[in-house]
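Below is one structure, written out as structure tokens; the observations come after it.
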Amino acid sequence: MSKIIVITSGKGGVGKTTTAINLGAAMNYFGKDVVVIDANLSTPNVGLHLNSPEVPVNLNHVLNGKSNIFEAVYEHDSGLKIVPSSLAVSELKKFNPARLKELKNDFLKISDYVIVDSAACLGEEAISAIEIADEVIIVTNPEMPAITDALKTIKVAEQKKKFVSGVIVTRVKRNRIEMKPETVKEMLEVPILGSIPEDFCIPDSLNHKDAVIHVFPKSKSSRAYKEIAAKIVGVDYDSKKDREKFWKRIFKRDY
Ligand code: ADP
Ligand code: MG
């Protein structure tokens with residue numbers, strides 16, 4: 001049975017879009033049928049990340065009743081599907097995120113796994129995305145402001161009777177000032193699904209207009225996303241075996 005996994009955070013800039021795309025790409029790498037939907041209608045980025053900034057039909061057209069959802073689905077070379085939103089400033093006043101609810105059943109018909117990227121803050125856009133979730137994944141950085149907003153988001157999701165499966169901690173630098181995973185877990189009281197290290201391959205893959213999973217499949221961030229995806233789809237994955245060979249690694253610093 002298909003399910004909708006909403007990626008949300010509270011705070012902006014923590015790595016939601018990066019996570020939605022790369023978790024989706026990693027699940028697709030494991031042979032699953034996945035679509036990533038850009039429900040960040042005010043500042044959408046999914047299309048930009050995957051080289052489809054402007055498409056003939058996008059989610060805004062669907063929400064406005066001008067097209068059906070299946071016309072707004074695009075397939076990446078990898079097989080990962082995406083539903084981008086509009087970058088046009090003229091669309092900003094027209095969208096009604098509350099209509100997302102009406103599309104839930106159609107979203108479920110696109111793919112087995114429907115990953116929804118959402119807006120920052122806890123305004124109508126972000127809440128409307130949470131409302132269509134079968135499962136909510138929280139993204140945070142190991143810093144107090146991000147954790148505080150994550151906690152608030154968990155409470156909102158729980159009030160809406162949503163299943164919060166856990167937290168993905170991104171941009172982990174493993175330095176002495178950032179919060180330790182145990183502290184994050186203690187504060188948020190939900191499982192930690194995994195940690196994504198700070199990795200220059202992520203902004204570099206953005207320059208390639210593609211997911212890090214596709215551009216640098218053996219990088220430390222790709223392997224971390226694959227680990228989480230493998231658990232979600234229930235396959236075995238050994239991150240250590242998936243590493244670049246030793247000699248390749250020492251010539252490619254930071255892999
Ligand atoms: P959000 O969707 O929450 O606003 P983004 O996914 O757009 O966040 O990420 C914000 C910025 O952080 C982007 O420039 C992205 O390239 C960068 N970023 C995200 N995750 C990592 C990481 N693990 N290592 C390095 N940079 C990252
Ligand atoms: Mg984003």
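Naming scheme: A, B, ... for chains in displayed order of the structure tokens; residues 1 onward per chain; ligands 1 onward as shown.
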Counting only C-alpha atoms, what is within 10 Å of A:Gly194, bar same-chain residues fewer than 4 positions away, as a list of chain:residue names?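 Answer for this query is A:Gly166, A:Val167, A:Ile168, A:Val169, A:Thr170, A:Pro181, A:Ala224, A:Tyr225, A:Glu227, A:Ile228, A:Ala229, A:Lys231.
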Considering only C-alpha atoms, return as an mmCIF file with all heavy atoms, in the first residue's frame whatever protein or nucleic-acid residues lie within 8 Å of stretch 141-148 of chain A, sequence-local ones (same chain, fewer than 5 positions apart) excluded.
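Output saved as result29.cif:
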```
data_model
loop_
_atom_site.group_PDB
_atom_site.id
_atom_site.type_symbol
_atom_site.label_atom_id
_atom_site.label_comp_id
_atom_site.auth_asym_id
_atom_site.auth_seq_id
_atom_site.Cartn_x
_atom_site.Cartn_y
_atom_site.Cartn_z
ATOM 1 N N SER A 9 10.214 20.500 9.380
ATOM 2 C CA SER A 9 11.270 20.868 10.335
ATOM 3 C C SER A 9 10.924 21.990 11.308
ATOM 4 O O SER A 9 11.447 22.046 12.401
ATOM 5 C CB SER A 9 12.522 21.338 9.585
ATOM 6 O OG SER A 9 12.243 22.535 8.907
ATOM 7 N N GLY A 10 10.094 22.923 10.876
ATOM 8 C CA GLY A 10 9.958 24.153 11.661
ATOM 9 C C GLY A 10 10.929 25.182 11.123
ATOM 10 O O GLY A 10 10.575 26.098 10.396
ATOM 11 N N LYS A 11 12.203 25.000 11.398
ATOM 12 C CA LYS A 11 13.221 25.967 10.973
ATOM 13 C C LYS A 11 13.562 25.792 9.479
ATOM 14 O O LYS A 11 13.562 24.677 8.980
ATOM 15 C CB LYS A 11 14.474 25.778 11.821
ATOM 16 C CG LYS A 11 15.485 26.899 11.665
ATOM 17 C CD LYS A 11 16.580 26.759 12.691
ATOM 18 C CE LYS A 11 17.534 27.934 12.665
ATOM 19 N NZ LYS A 11 17.991 28.341 11.352
ATOM 20 N N VAL A 14 17.516 23.886 7.121
ATOM 21 C CA VAL A 14 18.149 22.801 7.881
ATOM 22 C C VAL A 14 18.492 21.577 7.015
ATOM 23 O O VAL A 14 19.226 20.691 7.451
ATOM 24 C CB VAL A 14 17.278 22.337 9.083
ATOM 25 C CG1 VAL A 14 17.193 23.410 10.153
ATOM 26 C CG2 VAL A 14 15.888 21.909 8.630
ATOM 27 N N VAL A 169 19.074 14.030 11.598
ATOM 28 C CA VAL A 169 19.928 15.156 11.999
ATOM 29 C C VAL A 169 20.921 15.398 10.858
ATOM 30 O O VAL A 169 21.689 14.497 10.500
ATOM 31 C CB VAL A 169 20.687 14.863 13.315
ATOM 32 C CG1 VAL A 169 21.417 16.112 13.796
ATOM 33 C CG2 VAL A 169 19.733 14.356 14.390
ATOM 34 N N THR A 170 20.868 16.577 10.276
ATOM 35 C CA THR A 170 21.725 16.846 9.111
ATOM 36 C C THR A 170 22.825 17.857 9.446
ATOM 37 O O THR A 170 22.772 18.535 10.469
ATOM 38 C CB THR A 170 20.905 17.379 7.915
ATOM 39 O OG1 THR A 170 20.371 18.623 8.293
ATOM 40 C CG2 THR A 170 19.810 16.430 7.508
ATOM 41 N N ARG A 171 23.787 17.925 8.522
ATOM 42 C CA ARG A 171 24.920 18.852 8.638
ATOM 43 C C ARG A 171 25.676 18.609 9.940
ATOM 44 O O ARG A 171 26.049 19.551 10.633
ATOM 45 C CB ARG A 171 24.469 20.300 8.509
ATOM 46 C CG ARG A 171 23.586 20.543 7.299
ATOM 47 C CD ARG A 171 23.574 21.949 6.846
ATOM 48 N NE ARG A 171 24.879 22.343 6.313
ATOM 49 C CZ ARG A 171 25.079 23.414 5.567
ATOM 50 N NH1 ARG A 171 24.066 24.204 5.268
ATOM 51 N NH2 ARG A 171 26.276 23.708 5.107
ATOM 52 N N VAL A 172 25.887 17.341 10.251
ATOM 53 C CA VAL A 172 26.570 16.980 11.490
ATOM 54 C C VAL A 172 28.079 17.110 11.279
ATOM 55 O O VAL A 172 28.645 16.490 10.384
ATOM 56 C CB VAL A 172 26.188 15.539 11.911
ATOM 57 C CG1 VAL A 172 26.990 15.090 13.121
ATOM 58 C CG2 VAL A 172 24.692 15.457 12.193
ATOM 59 N N GLU A 178 28.628 21.316 18.785
ATOM 60 C CA GLU A 178 27.279 20.923 18.375
ATOM 61 C C GLU A 178 26.664 19.910 19.362
ATOM 62 O O GLU A 178 27.381 19.260 20.126
ATOM 63 C CB GLU A 178 27.277 20.366 16.943
ATOM 64 C CG GLU A 178 27.830 18.998 16.828
ATOM 65 C CD GLU A 178 27.849 18.478 15.391
ATOM 66 O OE1 GLU A 178 27.623 19.239 14.436
ATOM 67 O OE2 GLU A 178 28.102 17.282 15.247
ATOM 68 N N MET A 179 25.331 19.799 19.315
ATOM 69 C CA MET A 179 24.662 18.898 20.257
ATOM 70 C C MET A 179 24.891 17.448 19.867
ATOM 71 O O MET A 179 24.911 17.101 18.687
ATOM 72 C CB MET A 179 23.173 19.202 20.288
ATOM 73 C CG MET A 179 22.900 20.505 20.998
ATOM 74 S SD MET A 179 21.207 21.020 20.761
ATOM 75 C CE MET A 179 20.422 20.020 21.968
ATOM 76 N N LYS A 180 25.054 16.608 20.866
ATOM 77 C CA LYS A 180 25.314 15.177 20.625
ATOM 78 C C LYS A 180 23.995 14.478 20.271
ATOM 79 O O LYS A 180 22.925 14.900 20.736
ATOM 80 C CB LYS A 180 25.881 14.529 21.899
ATOM 81 C CG LYS A 180 27.174 15.152 22.387
ATOM 82 C CD LYS A 180 28.375 14.598 21.634
ATOM 83 C CE LYS A 180 29.640 15.406 21.858
ATOM 84 N NZ LYS A 180 29.729 16.713 21.189
ATOM 85 N N PRO A 181 24.063 13.393 19.473
ATOM 86 C CA PRO A 181 22.828 12.685 19.094
ATOM 87 C C PRO A 181 21.973 12.285 20.299
ATOM 88 O O PRO A 181 20.742 12.395 20.263
ATOM 89 C CB PRO A 181 23.342 11.446 18.359
ATOM 90 C CG PRO A 181 24.723 11.769 17.938
ATOM 91 C CD PRO A 181 25.260 12.796 18.882
ATOM 92 N N VAL A 184 19.993 15.230 21.428
ATOM 93 C CA VAL A 184 18.903 15.529 20.483
ATOM 94 C C VAL A 184 17.740 14.569 20.738
ATOM 95 O O VAL A 184 16.583 14.970 20.832
ATOM 96 C CB VAL A 184 19.403 15.392 19.010
ATOM 97 C CG1 VAL A 184 18.258 15.577 18.031
ATOM 98 C CG2 VAL A 184 20.533 16.386 18.725
ATOM 99 N N MET A 187 15.884 15.374 23.959
ATOM 100 C CA MET A 187 15.053 16.575 23.898
ATOM 101 C C MET A 187 13.802 16.360 23.054
ATOM 102 O O MET A 187 12.734 16.861 23.392
ATOM 103 C CB MET A 187 15.863 17.732 23.306
ATOM 104 C CG MET A 187 16.918 18.222 24.267
ATOM 105 S SD MET A 187 17.666 19.723 23.683
ATOM 106 C CE MET A 187 16.318 20.872 23.841
ATOM 107 N N LEU A 188 13.939 15.599 21.964
ATOM 108 C CA LEU A 188 12.807 15.476 21.040
ATOM 109 C C LEU A 188 11.913 14.281 21.357
ATOM 110 O O LEU A 188 10.770 14.218 20.891
ATOM 111 C CB LEU A 188 13.311 15.401 19.596
ATOM 112 C CG LEU A 188 14.076 16.647 19.110
ATOM 113 C CD1 LEU A 188 14.492 16.479 17.655
ATOM 114 C CD2 LEU A 188 13.229 17.908 19.260
#
```
Contact residues around A:Thr43 with only C-alpha atoms at 9 Å, ignoring same-chain residues under 4 positions, as a VMD selection string: chain A and resid 85 to 87 119
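Going from atom CA of A:Lys66 over to atom CA of A:Ser52, you cover 20.0 Å.
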Could you pull the residues within 8 Å of A:Leu50, counting only C-alpha atoms, minus those fewer than 6 positions along the same chain, as a ChimeraX atom specification? /A:76,209-211
Residue selection dump (C-alpha atoms) as a tab-separated table (two decimals), in the first residue's frame:
```tsv
chain	number	residue	atom	x	y	z
A	76	HIS	CA	14.26	11.82	-13.77
A	209	LYS	CA	21.63	20.06	-10.70
A	210	ASP	CA	21.23	16.55	-9.40
A	211	ALA	CA	20.92	14.59	-6.15
```
With only C-alpha atoms and all ligand atoms counted and 7 Å as the cut-off, give the residues of chain A in contact with ligand 2, each with its shortest interatomic distance in Å and the pair that gives it, as a tab-separated table.
```
residue	atom	partner	partner_atom_place_in_ligand_line	distance
A:Gly13	CA	ligand 2	1 (Mg)	6.6
A:Gly15	CA	ligand 2	1 (Mg)	6.8
A:Lys16	CA	ligand 2	1 (Mg)	5.3
A:Thr17	CA	ligand 2	1 (Mg)	4.1
A:Asn40	CA	ligand 2	1 (Mg)	6.9
A:Pro44	CA	ligand 2	1 (Mg)	6.8
A:Asn45	CA	ligand 2	1 (Mg)	6.0
A:Asp117	CA	ligand 2	1 (Mg)	6.9
A:Ser118	CA	ligand 2	1 (Mg)	6.8
A:Ala119	CA	ligand 2	1 (Mg)	6.4
```
Taking only C-alpha atoms and all ligand atoms into account, which of A:Val57, A:Val6, A:Ala88, A:Ala20 comes nearest ligand 1?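 Ranked by minimum distance to ligand 1, first place goes to A:Ala20.
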Between atom CA of A:Ala230 and atom CA of A:Ser205 - distance in Å to one decimal: 21.5 Å
Apply DSSP to the backbone of this structure and, from stretch 18-248 of chain A, keep only the residues in strand (DSSP E or B); write these as a PyMOL selection string. chain A and resi 34-38+74-75+81-83+113-117+135-140+164-172+192-197
Measuring atom to atom with only C-alpha atoms, identify which of A:Ile5, A:Val46, A:Ile138, A:Ile132 is nearest to A:Lys161.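 Smallest distance to A:Lys161 is found for A:Ile132.
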One decimal, in Å: what's the spacing between atom CA of A:Ala26 and atom CA of A:Lys226?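 Result for atom CA of A:Ala26 versus atom CA of A:Lys226: 5.2 Å, one decimal.
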Could you tell me, as a ChimeraX atom specification, which residues of stretch 95-245 of chain A DSSP assigns to alpha helix (DSSP H) when given the backbone? /A:100-110,124-131,144-159,181-188,201-207,212-215,220-233
Quick one: residues within 10 Å of A:Asp134, only C-alpha atoms counted, chain neighbours fewer than 6 positions away excluded, as a ChimeraX atom specification? /A:2-6,114,161-165
Excluding stretch 89-96 of chain A and any residue of its chain fewer than 4 positions from it, enumerate the residues within 10 Å of it, using only C-alpha atoms, and give them as a ChimeraX atom specification. /A:41-43,59-64,85,100,124-125,128
Same residues, N, CA and C atoms, saved as a CSV table (one decimal), in the first residue's frame:
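Wrote again39.csv, looks like this:
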```csv
chain,number,residue,atom,x,y,z
A,41,LEU,N,5.2,25.6,-1.5
A,41,LEU,CA,4.6,26.3,-2.7
A,41,LEU,C,5.1,27.8,-2.8
A,42,SER,N,5.5,28.4,-1.6
A,42,SER,CA,6.0,29.7,-1.7
A,42,SER,C,7.5,29.8,-2.2
A,43,THR,N,8.3,28.9,-1.7
A,43,THR,CA,9.7,28.9,-2.2
A,43,THR,C,10.2,27.5,-2.6
A,59,LEU,N,2.6,21.7,-9.7
A,59,LEU,CA,1.6,21.5,-8.7
A,59,LEU,C,0.6,22.7,-8.5
A,60,ASN,N,1.1,23.9,-8.8
A,60,ASN,CA,0.2,25.0,-8.7
A,60,ASN,C,-0.9,24.9,-9.7
A,61,HIS,N,-0.6,24.4,-10.9
A,61,HIS,CA,-1.7,24.3,-11.9
A,61,HIS,C,-2.7,23.2,-11.4
A,62,VAL,N,-2.2,22.2,-10.7
A,62,VAL,CA,-3.1,21.2,-10.2
A,62,VAL,C,-4.0,21.8,-9.0
A,63,LEU,N,-3.3,22.5,-8.2
A,63,LEU,CA,-4.1,23.1,-7.0
A,63,LEU,C,-5.1,24.1,-7.5
A,64,ASN,N,-4.8,24.8,-8.6
A,64,ASN,CA,-5.8,25.7,-9.2
A,64,ASN,C,-6.9,25.1,-10.0
A,85,SER,N,6.9,22.6,-8.1
A,85,SER,CA,5.9,23.7,-8.0
A,85,SER,C,6.5,24.9,-8.7
A,100,LEU,N,-4.4,20.8,-0.7
A,100,LEU,CA,-3.5,19.6,-0.8
A,100,LEU,C,-4.3,18.4,-0.3
A,124,GLU,N,0.3,28.0,7.3
A,124,GLU,CA,-0.7,27.2,6.7
A,124,GLU,C,0.0,26.2,5.7
A,125,GLU,N,1.0,26.6,5.0
A,125,GLU,CA,1.7,25.7,4.0
A,125,GLU,C,2.2,24.5,4.7
A,128,SER,N,-0.6,22.3,6.2
A,128,SER,CA,-1.3,21.6,5.2
A,128,SER,C,-0.6,20.3,4.7
```
Selection near A:Leu206, 12 Å with only C-alpha atoms, sequence-local residues under 5 positions removed, as a ChimeraX atom specification: /A:17-18,21-22,45-51,200-201,211-216
